[in-house]
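Worksheet: one structure, shown below.
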Amino acid sequence: MHPIIKLVSQRLALGILLLLGASALIFGLTEALPGDAAQAVLGQSATPEALANLREEMGLDRPALTRYVEWLTGILQGDLGQSLTNKLDIADSIGKRLGNTLFLACVAAIVSVPLAIFLGLLAVRYRNRWPDKLISAITLTTVSIPEFLIGYVLVYFISVKLGWFSSLAMVNDSMSLGQKLYAIALPALVLTLVVLAQMMRMTRAAILNLMQSAYIETAELKGLSTFQVIARHAFPNAISPIVNVVMLNLAYLVVGVVVVEVVFVYPGMGQYLVDAVTKRDVPVVLACGVVFAAVYIGLNMVADIVSILANPRLRHPK
Amino acid sequence: MNDQLTHMTGQVTAGKLTRREFMGKAAALGVTAAMASTMFADAARAAGAKKGGDLKFGLQGGESTNSLDPATYASSVPFQNGKQFGDQLVEVAPDGTIEPRLAESVEGSADAKVWTFKLRQGVEFHNGKTMTSEDVLKTMERHSNEDSKSGALGIMKGIESMKADGDNFQVTLTEPNADLPYLMADYHLIIQPDGGMDNPAAGIGTGPYKLEVDEPGVRHLFTKNENHWNSDFGNFDSVEVVVINDATARTAALQSGQVHAINRVEPKVADLLGRAPNLTVNSTAGRGHYVFIMHCDTAPFDNNELRLALKYAINRADLVDKVLRGYGSIGNDMPINAAYPLFDETIEQREFSIEKAAEHYKKSGHDGSPIILRVADGAFPGAVDAAALFQQTAAQAGIPLEIKREPNDGYWSEVWNVQPFCASYWGGRPVQDQMYSTAYLSTADWNDTRFKVQAFDDMLFAAKAELDVEKRKGIYSQMGRMVRDEGGLICPMFNDFVEGISNQLDGWESDPTQEMMNGNISRKMWFV
């Protein structure tokens with residue numbers, strides 16, 4: 001077997017094992033929270049009678065292990081089950097929400113990843129001169145300000161005062177792509193500002209590290225321009241650390257944006273998960289948790305594989 | 001009404017005066033805001049409500065876990081949804097009287113035990129079926145039978161039997177209850193085809209708007225029901241309920257004109273928001289109240305002197321000022337205020353008094369160990385601050401209060417109605433009987449002050465059976481005084497509903513029953 005295929009299948013198997021572990025952990029922790037779905041739904045208006053009726057209907061009167069095993073058999077057959085609280089099909093609800101989350105994450109990534117890498121290269125080209133310092137100052141500022149604050153500031157100036165963009169990033173199926181892009185302009189901008197700095201700094205650091213190497217000196221002596229040296233000789237060797245940090249940020253764009261979702265009223269996965277945890281809607285929490293874990297594990301796997309492919313020594317092990 | 005006002009309302013009818021101008025001029029003439037608001041609405045309605053337009057709500061209180069099943073409604077967005085697609089038999093009007101909806105009239109027997117609702121004929125559900133008394137019966141059964149998990153289960157107790165009889169729906173009670181029509185106005189009791197037995201969450205009712213899109217926690221879209229039984233209700237082509245749980249996002253959406261009405265404006269920003277030129281902040285005195293509750297049967301709160309000491313030690317005016325920023329009114333340690341029918345205005349207001357608090361505390365003989373007050377942010381907005389203010393004034397009277405912060409998560413299952421002294425809130429009920437039956441009757445599930453007094457229960461039942469209004473008022477007055485002087489309730493304040501409404505909308509009415517004009521904005525308001 002080709003070593004790459006072997007590696008990928010090993011990683012996949014490990015990923016699935018990790019997912020199983022994550023689901024058990026999530027289930028256990030949700031069970032350990034005080035109260036259950038029936039109490040959370042009825043809230044202050046719970047009577048013992050209504051509680052008992054609701055528990056029975058939700059199947060909460062059965063042991064935890066039985067419910068977990070049932071859920072597991074369901075998911076192995078591709079059935080995510082029904083929400084305890086509103087009886088809607090989880091696969092349907094998640095499908096829409098996940099689509100929205102991925103859409104926002106993709107738009108933010110398409111803008112931020114090339115921009116961050118370009119800014120990183122630019123910073124190396126003009127290192128320790130004013131463009132480098134300006135880029136670092138701006139990106140480090142935006143990453144240091146909490147994202148909800150950036151969000152509120154943008155909403156206040158751009159949407160309330162100027163009226164250019166909508167403060168509600170509501171998207172739905174009846175909108176065209178252009179309308180959707182317009183609707184999510186502000187949240188995508190906030191996310192870009194948040195993830196820019198880390199990727200930019202990593203690109204800058206990784207390449208600067210290589211700039212001391214002898215082969216770079218050779219390239220310079222050949223008469224290549226500084227930017228060509230960086231782009232053709234330094235960058236390919238710096239891909240591995242850059243891909244790692246890019247993947248971490250992409251994962252963040254998918255699983256960590258609940259605050260931005262709340263500020264811009266964006267119907268993504270984060271809000272869905274938070275609501276489900278508050279209401280102790282275990283099947284939904286599990287489904288969201290597994291999806292998030294899968295995204296995280298998957299992207300990290302991609303990062304590993306790309307690092308290996310980018311490195312001839314790892315690609316052709318002796 | 002003086003000449004000036006008559007002239008002004010005439011101008012409104014002629015469309016020459018905007019709401020903002022009218023309110024300003026009326027205030028200059030010394031008319032209260034609530035009064036001016038009602039006068040404006042009447043005058044404007046006389047000019048004829050305009051039809052058309054797409055109304056958008058931005059509301060706090062919606063979750064991805066919401067269902068359209070009326071039995072599950074417990075927060076603002078589902079409540080608002082129900083009001084779009086559904087009707088109850090009757091509704092509580094803004095003035096506290098009973099307004100017919102799907103029932104044309106209500107009649108009680110002389111002993112207030114048998115109630116007959118004469119149903120409106122020819123009312124159509126959104127699925128094309130005609131409403132029958134059988135549908136009504138099934139609806140009420142679903143909310144009251146033994147499998148029920150309805151939010152209305154508590155108020156449906158005490159029904160002995162129900163029957164559908166041609167055009168009539170009849171309820172027979174085990175005990176007399178003169179307020180039964182008010183119970184039937186509960187927002188959970190939306191009449192559904194077949195009572196919603198087969199598909200409770202279908203969102204099919206008889207209301208002025210039909211469900212188009214249901215995305216829980218995101219948005220709910222309704223379009224005009226052309227076949228609604230009352231063509232005066234529902235002036236808009238469509239109504240969209242957008243869930244905006246974040247307070248800042250909500251106000252921004254209203255300011256930038258993306259929604260036309262928002263609920264729960266935070267008191268601390270209400271004044272600033274009201275200065276925006278394109279909207280009005282409406283503050284409506286309601287029946288909801290923020291409370292600190294003591295279990296009357298648990299030491300040290302089983303001692304009435306100690307309870308009185310704590311009641312005197314709280315500075316109500318200061319709390320209304322600082323926690324509600326003036327958007328509310330002071331409470332009187334009873335769950336009833338002037339927003340209730342049959343309220344006795346002569347009950348003396350309890351004043352803040354360090355001396356009296358110290359005196360009662362001394363009489364109580366409390367050993368001076370810290371009195372633990374449990375509180376969480378989620379108990380009511382500003383609960384932690386309110387507790388801190390209470391702690392300071394209590395300390396002045398020598399009462400050692402100790403505040404224990406509890407997590408929001410699980411507060412209603414682990415702390416409220418479990419621990420002997422904690423912060424909480426009540427949403428209020430349409431009538432006094434319902435409020436007292438829900439939380440002050442010895443046997444009530446939610447008797448969260450463990451107030452168990454036989455004489456009080458007797459009076460409650462006597463009032464239920466009493467059809468003479470003056471006599472009932474007298475009984476309620478006595479009951480109020482009893483809770484105030486002997487109960488476990490410390491009620492520092494009644495909170496207003498503070499809501500932001502775009503000036504593009506017209507026809508606002510103050511309604512104390514529930515927030516957002518008791519859910520009637522989409523029925524009664526219109527675009528100017």
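Identifiers in the structure tokens: chain A, B, ... in order shown; residue index from 1 per chain; ligand index from 1 in order shown.
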Enumerate as an mmCIF file with C-alpha atoms, in the first residue's frame the residues belonging to chain B that approach chain A to within 8 Å, with only C-alpha atoms taken into account.
```cif
data_model
loop_
_atom_site.group_PDB
_atom_site.id
_atom_site.type_symbol
_atom_site.label_atom_id
_atom_site.label_comp_id
_atom_site.auth_asym_id
_atom_site.auth_seq_id
_atom_site.Cartn_x
_atom_site.Cartn_y
_atom_site.Cartn_z
ATOM 1 C CA GLU B 63 -35.117 29.615 21.014
ATOM 2 C CA SER B 64 -34.302 26.957 18.426
ATOM 3 C CA THR B 65 -36.184 24.619 20.730
ATOM 4 C CA ASN B 66 -39.537 26.421 20.360
ATOM 5 C CA SER B 67 -42.550 24.535 19.106
ATOM 6 C CA LEU B 68 -45.747 25.908 17.572
ATOM 7 C CA THR B 72 -45.648 24.553 25.205
ATOM 8 C CA ALA B 74 -43.513 29.881 27.765
ATOM 9 C CA ASP B 147 -51.699 13.334 29.766
ATOM 10 C CA SER B 148 -51.497 17.078 29.471
ATOM 11 C CA LYS B 149 -48.202 18.905 29.742
ATOM 12 C CA SER B 150 -49.775 22.217 28.873
ATOM 13 C CA GLY B 151 -48.652 25.498 30.383
ATOM 14 C CA LEU B 153 -52.809 22.895 33.028
ATOM 15 C CA GLY B 154 -52.694 24.875 36.271
ATOM 16 C CA GLY B 217 -35.090 30.423 16.990
ATOM 17 C CA VAL B 218 -34.669 32.302 13.705
ATOM 18 C CA VAL B 243 -35.830 36.293 16.933
ATOM 19 C CA ILE B 244 -33.260 38.813 18.212
ATOM 20 C CA ASN B 245 -32.219 37.763 21.699
ATOM 21 C CA ASP B 246 -29.361 40.246 22.002
ATOM 22 C CA THR B 248 -28.127 45.724 21.489
ATOM 23 C CA ALA B 249 -28.843 43.963 18.208
ATOM 24 C CA ALA B 252 -29.965 48.566 16.401
ATOM 25 C CA ALA B 253 -32.417 46.713 14.162
ATOM 26 C CA GLN B 255 -33.097 52.167 14.823
ATOM 27 C CA SER B 256 -31.948 51.188 11.356
ATOM 28 C CA GLN B 258 -35.096 46.697 9.744
ATOM 29 C CA ASP B 409 -28.806 27.614 34.676
ATOM 30 C CA GLY B 410 -31.183 25.495 36.692
ATOM 31 C CA TRP B 412 -36.035 27.563 38.417
ATOM 32 C CA SER B 413 -35.591 23.900 39.256
ATOM 33 C CA GLU B 414 -32.988 24.077 42.029
ATOM 34 C CA ASP B 445 -48.286 23.977 43.388
ATOM 35 C CA TRP B 446 -46.574 27.316 43.004
#
```
Near-Ala105 of chain A list (8 Å; only C-alpha atoms; drop same-chain fewer than 4 positions) as a PyMOL selection string: chain A and resi 101+109+188+250+253-254
Which of segment 19-205 of chain A DSSP labels alpha helix (DSSP H), written as an NGL selection string: :A and (19-32 or 37-42 or 48-58 or 64-76 or 90-125 or 130-144 or 147-154 or 177-183 or 185-205)
Every residue of segment 32-256 of chain B that DSSP places in strand (DSSP E), as a VMD selection string: chain B and resid 54 to 59 90 to 92 98 to 100 103 to 108 114 to 119 159 to 165 168 to 173 209 to 215 219 to 224 238 to 243
Pick from A:Val290, A:Val295, A:Val107, A:Ile184 nearest to Ala24 of chain A, counting only C-alpha atoms: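 Ranking A:Val290, A:Val295, A:Val107, A:Ile184 by distance to Ala24 of chain A, first place goes to A:Val290.
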Using only C-alpha atoms: which of A:Leu98, A:Ile297, A:Val259, A:Leu186 has the shortest distance to Leu14 of chain A: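 Selected residue with least distance to Leu14 of chain A: A:Ile297.
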Shell of 7 Å around segment 509-523 of chain B, only C-alpha atoms, local chain residues under 2 positions omitted, as a PyMOL selection string: chain B and resi 34+37-38+41+80+83+94+233-235+263+284-287+339+430+497+507+525
Selection: 12 Å around Asp318 of chain B, only C-alpha atoms, excl. self and same-chain fewer than 4 positions, as a list in words: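 Once the adjacent positions are removed, what remains is Ala313, Ile314, Lys322, Val323, Leu324, Arg325, Gly326, Gly328, Ser329, Ile330, Gly331, Glu351, Phe352, Asp385, Ala386, Leu389, Phe390, Gln392, Thr393, Pro492 and Met493 of chain B.
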Nearby residues (only C-alpha atoms) at most 12 Å from Met197 of chain B, same-chain spacing under 2 positions excluded, as a list in words: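 Here the qualifying residues turn out to be Asp69, Pro70, Ala71, Glu134, Asp135, Val136, Leu137, Lys138, Thr139, Met140, Glu141, Arg142, His143, Asn145, Asp147, Ser148, Ile191, Gln192, Pro193, Asp194, Gly195, Asn199, Pro200, Ala201 and Ala202 of chain B.
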Let's have the selection written as an mmCIF file, in the first residue's frame, with N, CA, C and O atoms.
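Everything below was put into again.cif:
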```cif
data_model
loop_
_atom_site.group_PDB
_atom_site.id
_atom_site.type_symbol
_atom_site.label_atom_id
_atom_site.label_comp_id
_atom_site.auth_asym_id
_atom_site.auth_seq_id
_atom_site.Cartn_x
_atom_site.Cartn_y
_atom_site.Cartn_z
ATOM 1 N N ASP B 69 -46.713 24.252 19.083
ATOM 2 C CA ASP B 69 -47.771 23.684 19.918
ATOM 3 C C ASP B 69 -48.115 24.655 21.054
ATOM 4 O O ASP B 69 -47.286 24.919 21.919
ATOM 5 N N PRO B 70 -49.348 25.181 21.061
ATOM 6 C CA PRO B 70 -49.691 26.204 22.063
ATOM 7 C C PRO B 70 -49.494 25.729 23.504
ATOM 8 O O PRO B 70 -49.279 26.549 24.399
ATOM 9 N N ALA B 71 -49.560 24.420 23.739
ATOM 10 C CA ALA B 71 -49.409 23.918 25.110
ATOM 11 C C ALA B 71 -48.015 24.189 25.644
ATOM 12 O O ALA B 71 -47.802 24.224 26.855
ATOM 13 N N GLU B 134 -67.128 20.903 18.699
ATOM 14 C CA GLU B 134 -66.319 19.713 18.959
ATOM 15 C C GLU B 134 -64.824 20.061 19.001
ATOM 16 O O GLU B 134 -64.073 19.572 19.844
ATOM 17 N N ASP B 135 -64.396 20.958 18.074
ATOM 18 C CA ASP B 135 -62.997 21.394 18.048
ATOM 19 C C ASP B 135 -62.645 22.105 19.360
ATOM 20 O O ASP B 135 -61.570 21.912 19.918
ATOM 21 N N VAL B 136 -63.569 22.932 19.822
ATOM 22 C CA VAL B 136 -63.342 23.675 21.060
ATOM 23 C C VAL B 136 -63.199 22.700 22.226
ATOM 24 O O VAL B 136 -62.266 22.790 23.029
ATOM 25 N N LEU B 137 -64.122 21.750 22.279
ATOM 26 C CA LEU B 137 -64.098 20.767 23.360
ATOM 27 C C LEU B 137 -62.769 19.999 23.363
ATOM 28 O O LEU B 137 -62.117 19.847 24.404
ATOM 29 N N LYS B 138 -62.349 19.534 22.170
ATOM 30 C CA LYS B 138 -61.107 18.765 22.065
ATOM 31 C C LYS B 138 -59.909 19.618 22.503
ATOM 32 O O LYS B 138 -58.992 19.131 23.168
ATOM 33 N N THR B 139 -59.913 20.889 22.104
ATOM 34 C CA THR B 139 -58.818 21.786 22.497
ATOM 35 C C THR B 139 -58.706 21.859 24.013
ATOM 36 O O THR B 139 -57.633 21.669 24.595
ATOM 37 N N MET B 140 -59.848 22.110 24.646
ATOM 38 C CA MET B 140 -59.826 22.257 26.096
ATOM 39 C C MET B 140 -59.445 20.935 26.777
ATOM 40 O O MET B 140 -58.763 20.920 27.791
ATOM 41 N N GLU B 141 -59.872 19.828 26.180
ATOM 42 C CA GLU B 141 -59.498 18.530 26.755
ATOM 43 C C GLU B 141 -57.993 18.309 26.668
ATOM 44 O O GLU B 141 -57.363 17.829 27.600
ATOM 45 N N ARG B 142 -57.415 18.702 25.519
ATOM 46 C CA ARG B 142 -55.980 18.481 25.361
ATOM 47 C C ARG B 142 -55.180 19.268 26.405
ATOM 48 O O ARG B 142 -54.122 18.838 26.847
ATOM 49 N N HIS B 143 -55.714 20.427 26.808
ATOM 50 C CA HIS B 143 -54.980 21.226 27.793
ATOM 51 C C HIS B 143 -55.264 20.802 29.231
ATOM 52 O O HIS B 143 -54.635 21.295 30.148
ATOM 53 N N ASN B 145 -56.516 17.253 30.154
ATOM 54 C CA ASN B 145 -56.630 15.838 30.515
ATOM 55 C C ASN B 145 -55.379 15.340 31.239
ATOM 56 O O ASN B 145 -54.401 16.076 31.372
ATOM 57 N N ASP B 147 -52.979 13.404 30.486
ATOM 58 C CA ASP B 147 -51.699 13.334 29.766
ATOM 59 C C ASP B 147 -51.148 14.721 29.469
ATOM 60 O O ASP B 147 -50.121 14.866 28.826
ATOM 61 N N SER B 148 -51.860 15.737 29.901
ATOM 62 C CA SER B 148 -51.497 17.078 29.471
ATOM 63 C C SER B 148 -50.181 17.539 30.074
ATOM 64 O O SER B 148 -49.864 17.263 31.217
ATOM 65 N N ILE B 191 -57.783 27.804 19.873
ATOM 66 C CA ILE B 191 -58.640 26.740 19.347
ATOM 67 C C ILE B 191 -58.011 26.174 18.075
ATOM 68 O O ILE B 191 -57.691 26.909 17.141
ATOM 69 N N GLN B 192 -57.799 24.849 18.082
ATOM 70 C CA GLN B 192 -57.164 24.180 16.941
ATOM 71 C C GLN B 192 -58.128 23.160 16.352
ATOM 72 O O GLN B 192 -58.993 22.641 17.059
ATOM 73 N N PRO B 193 -57.987 22.852 15.053
ATOM 74 C CA PRO B 193 -58.864 21.828 14.468
ATOM 75 C C PRO B 193 -58.642 20.494 15.185
ATOM 76 O O PRO B 193 -57.493 20.105 15.410
ATOM 77 N N ASP B 194 -59.729 19.863 15.570
ATOM 78 C CA ASP B 194 -59.677 18.620 16.344
ATOM 79 C C ASP B 194 -58.896 18.824 17.651
ATOM 80 O O ASP B 194 -58.330 17.882 18.207
ATOM 81 N N GLY B 195 -58.837 20.040 18.109
ATOM 82 C CA GLY B 195 -58.164 20.332 19.368
ATOM 83 C C GLY B 195 -56.668 20.140 19.297
ATOM 84 O O GLY B 195 -55.980 20.146 20.314
ATOM 85 N N ASN B 199 -52.113 16.731 15.423
ATOM 86 C CA ASN B 199 -50.860 17.413 15.112
ATOM 87 C C ASN B 199 -50.815 18.765 15.820
ATOM 88 O O ASN B 199 -51.147 19.798 15.237
ATOM 89 N N PRO B 200 -50.417 18.755 17.097
ATOM 90 C CA PRO B 200 -50.512 19.988 17.896
ATOM 91 C C PRO B 200 -49.631 21.119 17.382
ATOM 92 O O PRO B 200 -49.927 22.286 17.593
ATOM 93 N N ALA B 201 -48.524 20.794 16.695
ATOM 94 C CA ALA B 201 -47.571 21.840 16.312
ATOM 95 C C ALA B 201 -47.725 22.261 14.860
ATOM 96 O O ALA B 201 -46.816 22.819 14.265
ATOM 97 N N ALA B 202 -48.921 22.017 14.280
ATOM 98 C CA ALA B 202 -49.115 22.318 12.862
ATOM 99 C C ALA B 202 -49.189 23.821 12.608
ATOM 100 O O ALA B 202 -48.977 24.276 11.492
#
```
